[in-house]
Each structure stands twice: as C-alpha cells, then as structure tokens.
file query_25.cif (mmCIF, C-alpha atoms)
data_work
loop_
_atom_site.group_PDB
_atom_site.id
_atom_site.type_symbol
_atom_site.label_atom_id
_atom_site.label_comp_id
_atom_site.auth_asym_id
_atom_site.auth_seq_id
_atom_site.Cartn_x
_atom_site.Cartn_y
_atom_site.Cartn_z
ATOM 1 C CA VAL A 1 44.102 -22.064 -0.793
ATOM 2 C CA THR A 2 41.672 -19.229 -0.230
ATOM 3 C CA THR A 3 38.680 -19.243 2.095
ATOM 4 C CA ARG A 4 35.885 -16.959 1.023
ATOM 5 C CA THR A 5 32.550 -15.909 2.470
ATOM 6 C CA VAL A 6 30.403 -14.769 -0.445
ATOM 7 C CA GLN A 7 27.800 -12.248 0.668
ATOM 8 C CA HIS A 8 24.452 -11.994 -1.085
ATOM 9 C CA GLY A 9 21.969 -9.170 -1.263
ATOM 10 C CA ASN A 10 21.848 -5.388 -1.166
ATOM 11 C CA LEU A 11 21.292 -2.887 1.620
ATOM 12 C CA TYR A 12 19.308 0.344 1.761
ATOM 13 C CA GLU A 13 22.199 2.494 0.574
ATOM 14 C CA ASP A 14 22.433 0.389 -2.615
ATOM 15 C CA PHE A 15 18.943 1.393 -3.750
ATOM 16 C CA GLU A 16 19.567 4.687 -5.523
ATOM 17 C CA LEU A 17 16.430 6.088 -7.156
ATOM 18 C CA GLY A 18 16.167 4.894 -10.729
ATOM 19 C CA ARG A 19 18.638 2.036 -10.362
ATOM 20 C CA VAL A 20 17.633 -0.906 -12.573
ATOM 21 C CA PHE A 21 18.204 -4.560 -11.684
ATOM 22 C CA GLU A 22 18.077 -7.296 -14.318
ATOM 23 C CA HIS A 23 17.521 -10.261 -12.026
ATOM 24 C CA HIS A 24 19.355 -13.550 -12.248
ATOM 25 C CA TRP A 25 18.520 -17.065 -13.417
ATOM 26 C CA GLY A 26 15.083 -17.057 -15.085
ATOM 27 C CA ARG A 27 12.707 -19.917 -14.330
ATOM 28 C CA THR A 28 10.879 -22.363 -16.603
ATOM 29 C CA ILE A 29 7.400 -23.095 -15.269
ATOM 30 C CA GLU A 30 6.046 -26.641 -15.135
ATOM 31 C CA ALA A 31 2.345 -27.460 -14.932
ATOM 32 C CA SER A 32 2.932 -29.555 -11.821
ATOM 33 C CA GLU A 33 4.279 -26.584 -9.848
ATOM 34 C CA SER A 34 1.325 -24.353 -10.585
ATOM 35 C CA ILE A 35 -1.051 -27.231 -9.863
ATOM 36 C CA ALA A 36 0.747 -27.861 -6.560
ATOM 37 C CA LEU A 37 0.424 -24.221 -5.507
ATOM 38 C CA SER A 38 -3.215 -24.053 -6.642
ATOM 39 C CA THR A 39 -4.243 -27.180 -4.775
ATOM 40 C CA GLN A 40 -2.186 -26.475 -1.640
ATOM 41 C CA THR A 41 -3.720 -23.001 -1.366
ATOM 42 C CA LEU A 42 -7.278 -24.338 -1.985
ATOM 43 C CA ASN A 43 -7.438 -22.267 -5.186
ATOM 44 C CA PHE A 44 -10.116 -24.410 -6.779
ATOM 45 C CA ASN A 45 -10.631 -23.080 -10.300
ATOM 46 C CA PRO A 46 -10.322 -25.928 -12.858
ATOM 47 C CA LEU A 47 -8.638 -23.501 -15.262
ATOM 48 C CA TYR A 48 -5.479 -24.185 -13.229
ATOM 49 C CA PHE A 49 -5.642 -27.997 -13.085
ATOM 50 C CA ASN A 50 -7.979 -29.364 -15.794
ATOM 51 C CA ARG A 51 -6.361 -29.166 -19.244
ATOM 52 C CA GLU A 52 -9.544 -30.111 -21.120
ATOM 53 C CA TYR A 53 -11.513 -27.359 -19.388
ATOM 54 C CA ALA A 54 -8.756 -24.825 -20.083
ATOM 55 C CA LYS A 55 -8.732 -25.855 -23.766
ATOM 56 C CA ALA A 56 -12.505 -25.471 -23.951
ATOM 57 C CA LEU A 57 -11.996 -21.894 -22.719
ATOM 58 C CA GLY A 58 -9.543 -21.253 -25.563
ATOM 59 C CA HIS A 59 -6.186 -21.944 -23.929
ATOM 60 C CA PRO A 60 -3.532 -24.336 -25.316
ATOM 61 C CA ASP A 61 -2.958 -25.926 -21.882
ATOM 62 C CA VAL A 62 -3.832 -25.296 -18.249
ATOM 63 C CA CYS A 63 -3.290 -21.671 -17.241
ATOM 64 C CA VAL A 64 -0.488 -21.124 -14.770
ATOM 65 C CA ASN A 65 -2.064 -19.721 -11.607
ATOM 66 C CA PRO A 66 -1.158 -15.990 -11.537
ATOM 67 C CA GLN A 67 -0.271 -16.476 -7.859
ATOM 68 C CA TRP A 68 2.486 -18.879 -8.921
ATOM 69 C CA VAL A 69 3.651 -16.319 -11.496
ATOM 70 C CA TRP A 70 3.751 -13.758 -8.666
ATOM 71 C CA MET A 71 5.682 -16.117 -6.398
ATOM 72 C CA VAL A 72 8.268 -16.930 -9.086
ATOM 73 C CA VAL A 73 8.707 -13.393 -10.435
ATOM 74 C CA SER A 74 9.061 -11.994 -6.931
ATOM 75 C CA GLY A 75 11.284 -14.937 -5.983
ATOM 76 C CA LEU A 76 13.668 -14.080 -8.822
ATOM 77 C CA THR A 77 14.009 -10.547 -7.427
ATOM 78 C CA VAL A 78 14.823 -11.522 -3.853
ATOM 79 C CA GLU A 79 18.598 -11.786 -3.960
ATOM 80 C CA ASP A 80 18.952 -8.330 -5.482
ATOM 81 C CA LEU A 81 16.154 -6.597 -3.586
ATOM 82 C CA SER A 82 15.293 -8.116 -0.263
ATOM 83 C CA GLU A 83 17.505 -11.023 0.741
ATOM 84 C CA ALA A 84 19.409 -8.815 3.148
ATOM 85 C CA GLY A 85 16.317 -6.943 4.264
ATOM 86 C CA GLY A 86 13.178 -7.464 6.274
ATOM 87 C CA PRO A 87 9.587 -8.440 5.601
ATOM 88 C CA PHE A 88 7.615 -6.938 2.790
ATOM 89 C CA LEU A 89 5.061 -4.299 3.681
ATOM 90 C CA GLY A 90 2.845 -4.001 0.661
ATOM 91 C CA VAL A 91 2.241 -4.403 -3.048
ATOM 92 C CA ASN A 92 0.317 -2.101 -5.374
ATOM 93 C CA ASP A 93 -0.696 -2.020 -9.018
ATOM 94 C CA MET A 94 -0.188 -5.712 -9.730
ATOM 95 C CA THR A 95 -1.443 -6.595 -13.217
ATOM 96 C CA PHE A 96 -1.415 -9.751 -15.324
ATOM 97 C CA PRO A 97 -1.435 -8.545 -18.938
ATOM 98 C CA HIS A 98 -0.570 -11.897 -20.568
ATOM 99 C CA PRO A 99 -1.334 -15.502 -19.551
ATOM 100 C CA VAL A 100 1.465 -17.911 -18.637
ATOM 101 C CA TYR A 101 1.410 -21.544 -19.800
ATOM 102 C CA PRO A 102 3.476 -24.568 -18.776
ATOM 103 C CA GLY A 103 6.834 -24.485 -20.529
ATOM 104 C CA ASP A 104 7.088 -20.697 -20.462
ATOM 105 C CA THR A 105 10.273 -19.239 -18.976
ATOM 106 C CA LEU A 106 9.966 -16.192 -16.746
ATOM 107 C CA TYR A 107 12.458 -13.367 -16.202
ATOM 108 C CA ALA A 108 12.269 -10.383 -13.857
ATOM 109 C CA SER A 109 13.651 -6.855 -13.720
ATOM 110 C CA SER A 110 13.096 -4.041 -11.224
ATOM 111 C CA THR A 111 13.595 -0.296 -10.886
ATOM 112 C CA VAL A 112 13.968 1.612 -7.604
ATOM 113 C CA VAL A 113 11.081 4.116 -7.517
ATOM 114 C CA GLU A 114 11.137 5.295 -3.883
ATOM 115 C CA ALA A 115 13.572 5.131 -0.959
ATOM 116 C CA ARG A 116 13.370 6.797 2.451
ATOM 117 C CA VAL A 117 14.672 6.240 5.956
ATOM 118 C CA SER A 118 12.180 4.708 8.405
ATOM 119 C CA ALA A 119 11.147 7.179 11.099
ATOM 120 C CA SER A 120 9.948 4.511 13.513
ATOM 121 C CA ARG A 121 12.587 1.820 13.065
ATOM 122 C CA PRO A 122 16.167 3.093 13.413
ATOM 123 C CA GLY A 123 18.635 1.364 11.108
ATOM 124 C CA TRP A 124 16.020 0.557 8.479
ATOM 125 C CA GLY A 125 14.802 2.229 5.309
ATOM 126 C CA ILE A 126 11.640 1.774 3.270
ATOM 127 C CA VAL A 127 12.146 1.060 -0.433
ATOM 128 C CA THR A 128 9.686 0.637 -3.297
ATOM 129 C CA TRP A 129 10.625 -1.163 -6.507
ATOM 130 C CA ALA A 130 8.660 -1.445 -9.755
ATOM 131 C CA THR A 131 9.066 -5.012 -10.978
ATOM 132 C CA VAL A 132 8.277 -6.425 -14.420
ATOM 133 C CA GLY A 133 8.003 -10.138 -15.230
ATOM 134 C CA ARG A 134 8.437 -11.265 -18.847
ATOM 135 C CA ASN A 135 8.202 -14.558 -20.691
ATOM 136 C CA GLN A 136 10.750 -15.971 -23.154
ATOM 137 C CA ARG A 137 9.254 -13.866 -25.970
ATOM 138 C CA GLY A 138 9.537 -10.654 -23.964
ATOM 139 C CA ASP A 139 5.786 -10.337 -23.346
ATOM 140 C CA ILE A 140 5.031 -8.690 -20.007
ATOM 141 C CA VAL A 141 3.191 -11.321 -17.944
ATOM 142 C CA MET A 142 2.982 -9.338 -14.722
ATOM 143 C CA GLN A 143 4.037 -6.094 -13.112
ATOM 144 C CA TYR A 144 3.705 -4.635 -9.650
ATOM 145 C CA GLN A 145 5.224 -2.235 -7.135
ATOM 146 C CA ARG A 146 6.539 -3.782 -3.918
ATOM 147 C CA THR A 147 7.513 -1.924 -0.739
ATOM 148 C CA ASN A 148 9.876 -3.466 1.820
ATOM 149 C CA LEU A 149 11.895 -2.646 4.853
ATOM 150 C CA ALA A 150 15.549 -2.508 3.777
ATOM 151 C CA LYS A 151 18.338 -2.773 6.307
ATOM 152 C CA MET A 152 20.805 0.124 6.324
ATOM 153 C CA ARG A 153 24.534 -0.379 6.109
ATOM 154 C CA GLN A 154 24.884 2.416 8.641
ATOM 155 C CA GLN A 155 23.394 1.038 11.869
ATOM 156 C CA PRO A 156 22.661 3.282 14.875
ATOM 157 C CA GLU A 157 25.026 2.836 17.796
ATOM 158 C CA GLY A 158 23.659 0.295 20.251
ATOM 159 C CA GLY A 159 21.008 -0.691 17.674
ATOM 160 C CA GLU A 160 19.866 -4.131 16.559
ATOM 161 C CA MET B 1 -20.620 -32.524 -17.662
ATOM 162 C CA ARG B 2 -20.757 -29.454 -15.413
ATOM 163 C CA LEU B 3 -17.461 -28.706 -13.644
ATOM 164 C CA THR B 4 -18.089 -25.433 -11.850
ATOM 165 C CA GLY B 5 -20.825 -24.016 -9.630
ATOM 166 C CA THR B 6 -24.049 -22.341 -10.708
ATOM 167 C CA ASP B 7 -24.335 -19.874 -7.825
ATOM 168 C CA ASN B 8 -21.139 -17.925 -8.496
ATOM 169 C CA TYR B 9 -21.670 -16.383 -11.907
ATOM 170 C CA PHE B 10 -21.120 -12.648 -12.348
ATOM 171 C CA GLU B 11 -24.828 -11.898 -11.825
ATOM 172 C CA ASP B 12 -24.699 -13.479 -8.351
ATOM 173 C CA PHE B 13 -22.324 -10.896 -6.893
ATOM 174 C CA VAL B 14 -23.836 -7.844 -5.207
ATOM 175 C CA VAL B 15 -21.764 -4.835 -4.199
ATOM 176 C CA GLY B 16 -21.398 -4.720 -0.442
ATOM 177 C CA ASP B 17 -22.035 -8.427 0.105
ATOM 178 C CA VAL B 18 -19.569 -10.131 2.447
ATOM 179 C CA TYR B 19 -18.476 -13.750 2.093
ATOM 180 C CA LEU B 20 -17.106 -15.537 5.151
ATOM 181 C CA HIS B 21 -15.125 -18.390 3.624
ATOM 182 C CA VAL B 22 -15.547 -21.495 5.724
ATOM 183 C CA ARG B 23 -12.276 -23.203 4.808
ATOM 184 C CA GLY B 24 -9.097 -22.251 6.624
ATOM 185 C CA LYS B 25 -5.598 -23.617 6.067
ATOM 186 C CA THR B 26 -2.933 -24.321 8.653
ATOM 187 C CA ILE B 27 0.413 -23.299 7.197
ATOM 188 C CA THR B 28 2.949 -26.093 7.414
ATOM 189 C CA GLU B 29 6.710 -26.092 7.393
ATOM 190 C CA ALA B 30 6.448 -27.906 4.046
ATOM 191 C CA ASP B 31 4.321 -25.118 2.512
ATOM 192 C CA ASN B 32 6.817 -22.461 3.493
ATOM 193 C CA THR B 33 9.980 -24.360 2.621
ATOM 194 C CA ILE B 34 8.881 -25.876 -0.684
ATOM 195 C CA PHE B 35 7.122 -22.870 -2.169
ATOM 196 C CA THR B 36 9.825 -20.456 -0.986
ATOM 197 C CA LEU B 37 12.732 -22.381 -2.444
ATOM 198 C CA SER B 38 11.003 -23.644 -5.584
ATOM 199 C CA SER B 39 10.128 -20.031 -6.431
ATOM 200 C CA LEU B 40 13.884 -19.264 -6.084
ATOM 201 C CA ASN B 41 13.184 -16.976 -3.129
ATOM 202 C CA THR B 42 16.573 -16.844 -1.408
ATOM 203 C CA ALA B 43 15.513 -14.934 1.726
ATOM 204 C CA GLN B 44 17.051 -16.659 4.743
ATOM 205 C CA ALA B 45 14.229 -15.647 7.077
ATOM 206 C CA HIS B 46 11.969 -18.269 5.447
ATOM 207 C CA VAL B 47 14.334 -21.224 5.655
ATOM 208 C CA ASN B 48 16.911 -20.567 8.401
ATOM 209 C CA THR B 49 15.535 -20.633 11.938
ATOM 210 C CA GLU B 50 18.693 -19.226 13.514
ATOM 211 C CA TYR B 51 18.720 -16.299 11.088
ATOM 212 C CA SER B 52 15.022 -15.580 11.756
ATOM 213 C CA ARG B 53 15.498 -15.450 15.514
ATOM 214 C CA GLU B 54 18.263 -12.885 15.120
ATOM 215 C CA LEU B 55 16.389 -10.755 12.582
ATOM 216 C CA PHE B 56 13.830 -9.262 14.934
ATOM 217 C CA VAL B 57 13.348 -9.781 18.634
ATOM 218 C CA GLY B 58 10.308 -11.944 19.199
ATOM 219 C CA TYR B 59 10.532 -14.038 16.044
ATOM 220 C CA PRO B 60 10.184 -17.597 17.333
ATOM 221 C CA GLU B 61 10.695 -19.368 14.049
ATOM 222 C CA ARG B 62 11.077 -19.083 10.303
ATOM 223 C CA LEU B 63 8.810 -16.378 8.918
ATOM 224 C CA VAL B 64 6.190 -17.537 6.428
ATOM 225 C CA ASN B 65 6.919 -16.185 2.939
ATOM 226 C CA GLY B 66 4.723 -13.119 2.360
ATOM 227 C CA ALA B 67 4.220 -13.978 -1.313
ATOM 228 C CA PHE B 68 2.862 -17.350 -0.211
ATOM 229 C CA THR B 69 0.606 -15.647 2.338
ATOM 230 C CA VAL B 70 -0.892 -13.590 -0.494
ATOM 231 C CA ALA B 71 -1.336 -16.720 -2.641
ATOM 232 C CA LEU B 72 -3.018 -18.575 0.213
ATOM 233 C CA ALA B 73 -5.340 -15.680 1.032
ATOM 234 C CA VAL B 74 -6.422 -15.543 -2.623
ATOM 235 C CA GLY B 75 -6.830 -19.317 -2.663
ATOM 236 C CA LEU B 76 -9.086 -19.340 0.391
ATOM 237 C CA THR B 77 -11.508 -17.026 -1.439
ATOM 238 C CA ALA B 78 -11.267 -18.810 -4.779
ATOM 239 C CA GLN B 79 -14.103 -21.306 -4.974
ATOM 240 C CA ASP B 80 -16.760 -18.972 -3.587
ATOM 241 C CA ILE B 81 -15.730 -15.937 -5.645
ATOM 242 C CA ALA B 82 -13.560 -17.010 -8.569
ATOM 243 C CA GLU B 83 -14.489 -20.576 -9.517
ATOM 244 C CA ASN B 84 -16.167 -19.205 -12.640
ATOM 245 C CA SER B 85 -13.418 -16.671 -13.309
ATOM 246 C CA ILE B 86 -11.720 -16.896 -16.707
ATOM 247 C CA ALA B 87 -8.795 -14.541 -15.951
ATOM 248 C CA ASP B 88 -7.095 -12.426 -13.315
ATOM 249 C CA VAL B 89 -6.934 -8.741 -14.175
ATOM 250 C CA SER B 90 -5.125 -7.147 -11.239
ATOM 251 C CA MET B 91 -4.493 -6.880 -7.520
ATOM 252 C CA THR B 92 -3.650 -3.801 -5.492
ATOM 253 C CA ASP B 93 -3.441 -2.363 -1.970
ATOM 254 C CA ILE B 94 -1.900 -5.621 -0.742
ATOM 255 C CA ARG B 95 -0.768 -5.153 2.840
ATOM 256 C CA ILE B 96 0.772 -7.535 5.325
ATOM 257 C CA ALA B 97 -0.412 -6.597 8.831
ATOM 258 C CA SER B 98 1.240 -9.295 10.906
ATOM 259 C CA SER B 99 3.784 -12.072 10.577
ATOM 260 C CA LEU B 100 2.823 -15.724 10.160
ATOM 261 C CA PHE B 101 4.679 -18.744 11.467
ATOM 262 C CA HIS B 102 4.339 -22.482 10.902
ATOM 263 C CA GLY B 103 1.218 -23.820 12.579
ATOM 264 C CA ASP B 104 -0.750 -20.577 12.188
ATOM 265 C CA THR B 105 -4.131 -21.055 10.520
ATOM 266 C CA LEU B 106 -5.277 -18.540 7.932
ATOM 267 C CA TYR B 107 -8.913 -17.692 7.169
ATOM 268 C CA ALA B 108 -10.367 -15.164 4.744
ATOM 269 C CA LYS B 109 -13.421 -13.071 4.095
ATOM 270 C CA SER B 110 -14.325 -11.221 0.927
ATOM 271 C CA THR B 111 -16.287 -8.024 0.339
ATOM 272 C CA ILE B 112 -17.665 -7.284 -3.119
ATOM 273 C CA LEU B 113 -16.519 -3.775 -4.119
ATOM 274 C CA ALA B 114 -17.613 -3.348 -7.736
ATOM 275 C CA THR B 115 -19.292 -5.160 -10.617
ATOM 276 C CA ASP B 116 -18.697 -3.644 -14.048
ATOM 277 C CA ASP B 117 -19.119 -4.500 -17.706
ATOM 278 C CA SER B 118 -16.033 -5.692 -19.530
ATOM 279 C CA ASP B 119 -14.929 -3.754 -22.599
ATOM 280 C CA ASP B 120 -13.214 -6.792 -24.088
ATOM 281 C CA HIS B 121 -15.389 -9.708 -22.964
ATOM 282 C CA ALA B 122 -19.135 -9.326 -23.509
ATOM 283 C CA ASP B 123 -19.657 -12.787 -21.982
ATOM 284 C CA CYS B 124 -17.996 -11.775 -18.679
ATOM 285 C CA GLY B 125 -18.145 -9.052 -16.075
ATOM 286 C CA VAL B 126 -15.350 -7.374 -14.145
ATOM 287 C CA LEU B 127 -15.568 -8.225 -10.453
ATOM 288 C CA ARG B 128 -13.519 -6.316 -7.888
ATOM 289 C CA TYR B 129 -13.434 -7.568 -4.310
ATOM 290 C CA ARG B 130 -11.513 -6.970 -1.121
ATOM 291 C CA ILE B 131 -9.809 -9.856 0.640
ATOM 292 C CA ASP B 132 -9.241 -9.746 4.393
ATOM 293 C CA ALA B 133 -7.184 -12.691 5.627
ATOM 294 C CA PHE B 134 -6.830 -13.226 9.340
ATOM 295 C CA LYS B 135 -5.896 -15.634 12.060
ATOM 296 C CA LYS B 136 -8.060 -16.215 15.090
ATOM 297 C CA GLY B 137 -7.056 -14.859 18.488
ATOM 298 C CA ARG B 138 -5.595 -17.415 20.870
ATOM 299 C CA GLU B 139 -8.157 -16.870 23.642
ATOM 300 C CA ALA B 140 -11.783 -17.916 23.156
ATOM 301 C CA GLY B 141 -13.783 -14.883 22.087
ATOM 302 C CA ALA B 142 -10.673 -12.868 21.209
ATOM 303 C CA ASP B 143 -10.740 -10.637 18.147
ATOM 304 C CA ASP B 144 -9.417 -11.905 14.841
ATOM 305 C CA ILE B 145 -5.859 -10.817 14.060
ATOM 306 C CA PRO B 146 -5.541 -9.194 10.610
ATOM 307 C CA VAL B 147 -2.790 -10.783 8.517
ATOM 308 C CA MET B 148 -3.213 -9.659 4.933
ATOM 309 C CA SER B 149 -5.592 -7.486 2.961
ATOM 310 C CA GLY B 150 -5.842 -6.596 -0.698
ATOM 311 C CA GLU B 151 -8.100 -5.945 -3.653
ATOM 312 C CA ARG B 152 -8.415 -8.420 -6.490
ATOM 313 C CA THR B 153 -10.057 -7.849 -9.874
ATOM 314 C CA ILE B 154 -11.119 -10.788 -12.028
ATOM 315 C CA LEU B 155 -13.192 -11.549 -15.108
ATOM 316 C CA VAL B 156 -16.184 -13.713 -14.204
ATOM 317 C CA LYS B 157 -18.510 -15.553 -16.586
ATOM 318 C CA ARG B 158 -22.001 -14.153 -17.065
ATOM 319 C CA ARG B 159 -24.725 -16.732 -16.445
ATOM 320 C CA ASP B 160 -26.685 -15.925 -19.590
ATOM 321 C CA ALA B 161 -23.621 -16.475 -21.765
ATOM 322 C CA TRP B 162 -22.205 -19.525 -20.008
ATOM 323 C CA LYS B 163 -24.842 -21.556 -18.180
ATOM 324 C CA GLU B 164 -25.585 -23.875 -21.123
ATOM 325 C CA ARG B 165 -22.016 -23.952 -22.392
ATOM 326 C CA ASP B 166 -20.815 -24.916 -18.910
ATOM 327 C CA THR B 167 -22.714 -28.218 -19.150
ATOM 328 C CA THR B 168 -20.746 -29.390 -22.181
ATOM 329 C CA TYR B 169 -17.294 -30.298 -20.812
#

call {"tool": "encode", "arguments": {"input": "query_25.cif", "output": "structure tokens"}}
result
Amino acid sequence: VTTRTVQHGNLYEDFELGRVFEHHWGRTIEASESIALSTQTLNFNPLYFNREYAKALGHPDVCVNPQWVWMVVSGLTVEDLSEAGGPFLGVNDMTFPHPVYPGDTLYASSTVVEARVSASRPGWGIVTWATVGRNQRGDIVMQYQRTNLAKMRQQPEGGE
Amino acid sequence: MRLTGTDNYFEDFVVGDVYLHVRGKTITEADNTIFTLSSLNTAQAHVNTEYSRELFVGYPERLVNGAFTVALAVGLTAQDIAENSIADVSMTDIRIASSLFHGDTLYAKSTILATDDSDDHADCGVLRYRIDAFKKGREAGADDIPVMSGERTILVKRRDAWKERDTTY
C-alpha cells in the first residue's frame, strides 16, 4: 500500500522562456453552457441564445459566446500555468478569428513569452504566456497573451 | 418580428460618448463555482475557502474567477452597445484592478473609442469601446472602486443595411 499526494501546477522557475505547453483534456462545448453564461452575465445578444436569429445571420446554430470560449480556453490552461500561482493581472491581444458552434471541441496550448521576478512582491514572479485555442479541425478560434503572478519555488526567508 | 433595438446600430455610436449601464449584477457563490469548474479551471483559490485565506493576507473568501469577471463586465455592456453586433473581433488591455468576492456587485460603463468602416463587411462598422467595470464604495458618497478595464472591438450592423431586414425574423 502506498499513500501519495499528487501535486498539480507549475511554479515560476518552471516557466523558461519559449517553453510550450500542450494543455490537457480538451472540452466539447454545449449550447446550454454558452446560453447559461450569456444569460447569467446579462449578455443579451440573441445571436447567443436564439437559433433562428443566428441562422438568419448565416450561422448553422447559435454562436457560442466568445466569453465562454475565453473561459474554457483559459480554464484548460490553468493546471499548467496558474493553478499554483496567484491572480491574473492582465490580458492583451485577444482575438476571435473563427466562430465556435455547439458541438465543437476546444483545445489549448501556450508558450512562455516573458518571465521576470516581481520587484514589489518578494517570492513572486510575473509571467506572460501566449495562448492559442483551436477547434477539432485545428482552426484557431481565439488567441491572447495573459500575464499572471507566479509563485516562486525559492521563497524569501520569513516570507509568506 | 423585430428582435433587437433600433437605437444601437453602428450609426448611433459617437466617439467620446459614455454609456452608464444601469444594470449591475451581484456575483453569487453559484456563479463563481459553476462557471469556474465547468470551464475546467482548476485554481483552488476559486473553490477552496481555506486555500484562499492562506494565499494572501486579507482574503476573506474564495476569489471570484478573473475570467468570469471579464465575461460579466462585457455582459453588463452588451445590450446597450452590442445587441446589434454580429461578431466579436478582439479585446485588449484587459486589467484586473481589484479582487472580487461573493456578494460584490459589479457595474460597468462604456466609452466609445473609435468607429471605422469594415474591410470585410460593408453592412457593418467596426466599433471599439473601453469598458470600465467597478464596484461601489461601501460608504455613501464614496468613490467607485475600479475592478476591471479593457477594450473591446466588435462588428455592429449599419442601420441602412439592416433596419428593414431586422423586421423579418
């Protein structure tokens, strides 16, 4: 009998510049999830919850709210990038080159593009990753750069 | 049947105009838990109160998922600005200025930054606007507390191309 504690997540020192992460799991998107996010965030554009309207605008089904695409793609990255870290600081250059429809399956990958030690918060670094979200056909459905605090393995003496 | 408004076509947006969105949303434990875990976001700070309290001094509770905060801020602006949008183009300069916890109420205002022709869609214009999401100060008369800001660019229907068509659903 073996007792194990399985740790999840990476720390600042793991984010070497240029390191690429192919994130786990993938996620098939259902219409109901995007409709739930749209309605619960008061995002009242019928494109997201009226199939007949979406079809009249040339889509095969309702459009998945890009904010749900963002939540899922970034969610897929969390274990590798930020589970062990702190809150996210900012996102730049987020684009949505291809629509997502119910039934599509999303995958995410990320590259470390910047990493530096925080001057103001001992024991923490600041890391930026470029993340790409793709559907099951490999089309890029979103990309962005996210910057987070990342906890350092090497903690200052008497620190947090 | 007309399904969307007639006062929020591309032509209605003027650079510099500010929209104070009247609807706010109190963030519930259900919002944070369901949307965090159903998006496969495994960060403990959103779902484990004990972990959150140890993460930073002064955290009373589970931290609201920042991705959800962005989604909610966009949503609060949506009917006034993007009800007649046909697609999202981009977002940038998204910043989180302060942490949110369950029970906090988020509000948003929008500032129109640019209105441009679309190269690909003659029947739409490209609208770029800044979102400032905030919570109100606890004391009466206190300043608003900035929570999230960002720029969003969308394609919005032009009235001359869509007003008649928009009555036919």

call {"tool": "closest_atom_pairs", "arguments": {"input": "query_25.cif", "of": "chain A", "to": "chain B", "cutoff": "7 Å", "atoms": "only C-alpha atoms", "output": "CSV"}}
result
residue,atom,partner,partner_atom,distance
A:Thr41,CA,B:Leu72,CA,4.8
A:Leu42,CA,B:Gly75,CA,5.1
A:Asn43,CA,B:Gly75,CA,3.9
A:Phe44,CA,B:Gln79,CA,5.4
A:Asn45,CA,B:Glu83,CA,4.7
A:Tyr53,CA,B:Tyr169,CA,6.6
A:Gln67,CA,B:Ala71,CA,5.3
A:Met71,CA,B:Ala67,CA,5.7
A:Val72,CA,B:Ser39,CA,4.5
A:Gly75,CA,B:Asn41,CA,4.0
A:Leu76,CA,B:Leu40,CA,5.9
A:Val78,CA,B:Asn41,CA,5.7
A:Glu79,CA,B:Thr42,CA,6.0
A:Glu83,CA,B:Ala43,CA,4.5
A:Phe88,CA,B:Gly66,CA,6.8
A:Leu89,CA,B:Ile96,CA,5.6
A:Gly90,CA,B:Arg95,CA,4.4
A:Val91,CA,B:Ile94,CA,4.9
A:Asn92,CA,B:Thr92,CA,4.3
A:Asp93,CA,B:Thr92,CA,4.9
A:Met94,CA,B:Met91,CA,5.0
A:Thr95,CA,B:Ser90,CA,4.2
A:Phe96,CA,B:Val89,CA,5.7

call {"tool": "residues_around", "arguments": {"input": "query_25.cif", "residues": "region 122-126 of chain B", "least_positions_apart": "5", "cutoff": "9 Å", "atoms": "only C-alpha atoms", "output": "NGL selection string"}}
result
:B and (9-11 or 85-86 or 89 or 114-117 or 153-162)

call {"tool": "axis_aligned_box", "arguments": {"input": "query_25.cif", "around": "region 52-57 of chain B", "padding_each_side": "8 Å", "output": "JSON"}}
result
{"center_x": 15.8, "center_y": -12.4, "center_z": 15.2, "size_x": 20.9, "size_y": 22.3, "size_z": 22.9}

call {"tool": "residues_around", "arguments": {"input": "query_25.cif", "residues": "Ser82 (chain A)", "least_positions_apart": "4", "cutoff": "8 Å", "atoms": "all atoms listed in the file", "output": "PyMOL selection string"}}
result
(chain A and resi 9-10+77-78+86+148+150) or (chain B and resi 43)

call {"tool": "atom_distance", "arguments": {"input": "query_25.cif", "atom1": "CA of Val132 (chain A)", "atom2": "CA of Leu113 (chain B)"}}
result
27.0 Å

call {"tool": "closest_residue", "arguments": {"input": "query_25.cif", "among": "B:Met1, B:Val15, B:Val147, B:Leu100", "to": "Pro60 (chain B)", "atoms": "only C-alpha atoms"}}
result
B:Leu100

call {"tool": "atom_distance", "arguments": {"input": "query_25.cif", "atom1": "CA of Thr128 (chain A)", "atom2": "CA of Leu149 (chain A)"}}
result
9.1 Å

call {"tool": "closest_residue", "arguments": {"input": "query_25.cif", "among": "A:Ala119, A:Val112, A:Ile126, A:Ile35", "to": "Glu16 (chain A)", "atoms": "only C-alpha atoms"}}
result
A:Val112

call {"tool": "resolve_selection", "arguments": {"input": "query_25.cif", "expression": "the PyMOL selection byres ((chain B and resi 111) around 6)", "output": "count of residues only"}}
result
6

call {"tool": "residues_around", "arguments": {"input": "query_25.cif", "residues": "Pro102 (chain A)", "least_positions_apart": "2", "cutoff": "12 Å", "atoms": "all atoms listed in the file", "output": "MDAnalysis selection string"}}
result
chainID A and resid 27:35 48:49 51 59:65 68:69 99:100 104:106 135

call {"tool": "closest_residue", "arguments": {"input": "query_25.cif", "among": "B:Asp12, B:Asp132, B:Glu164, B:Glu29", "to": "Tyr107 (chain B)", "atoms": "all atoms listed in the file"}}
result
B:Asp132
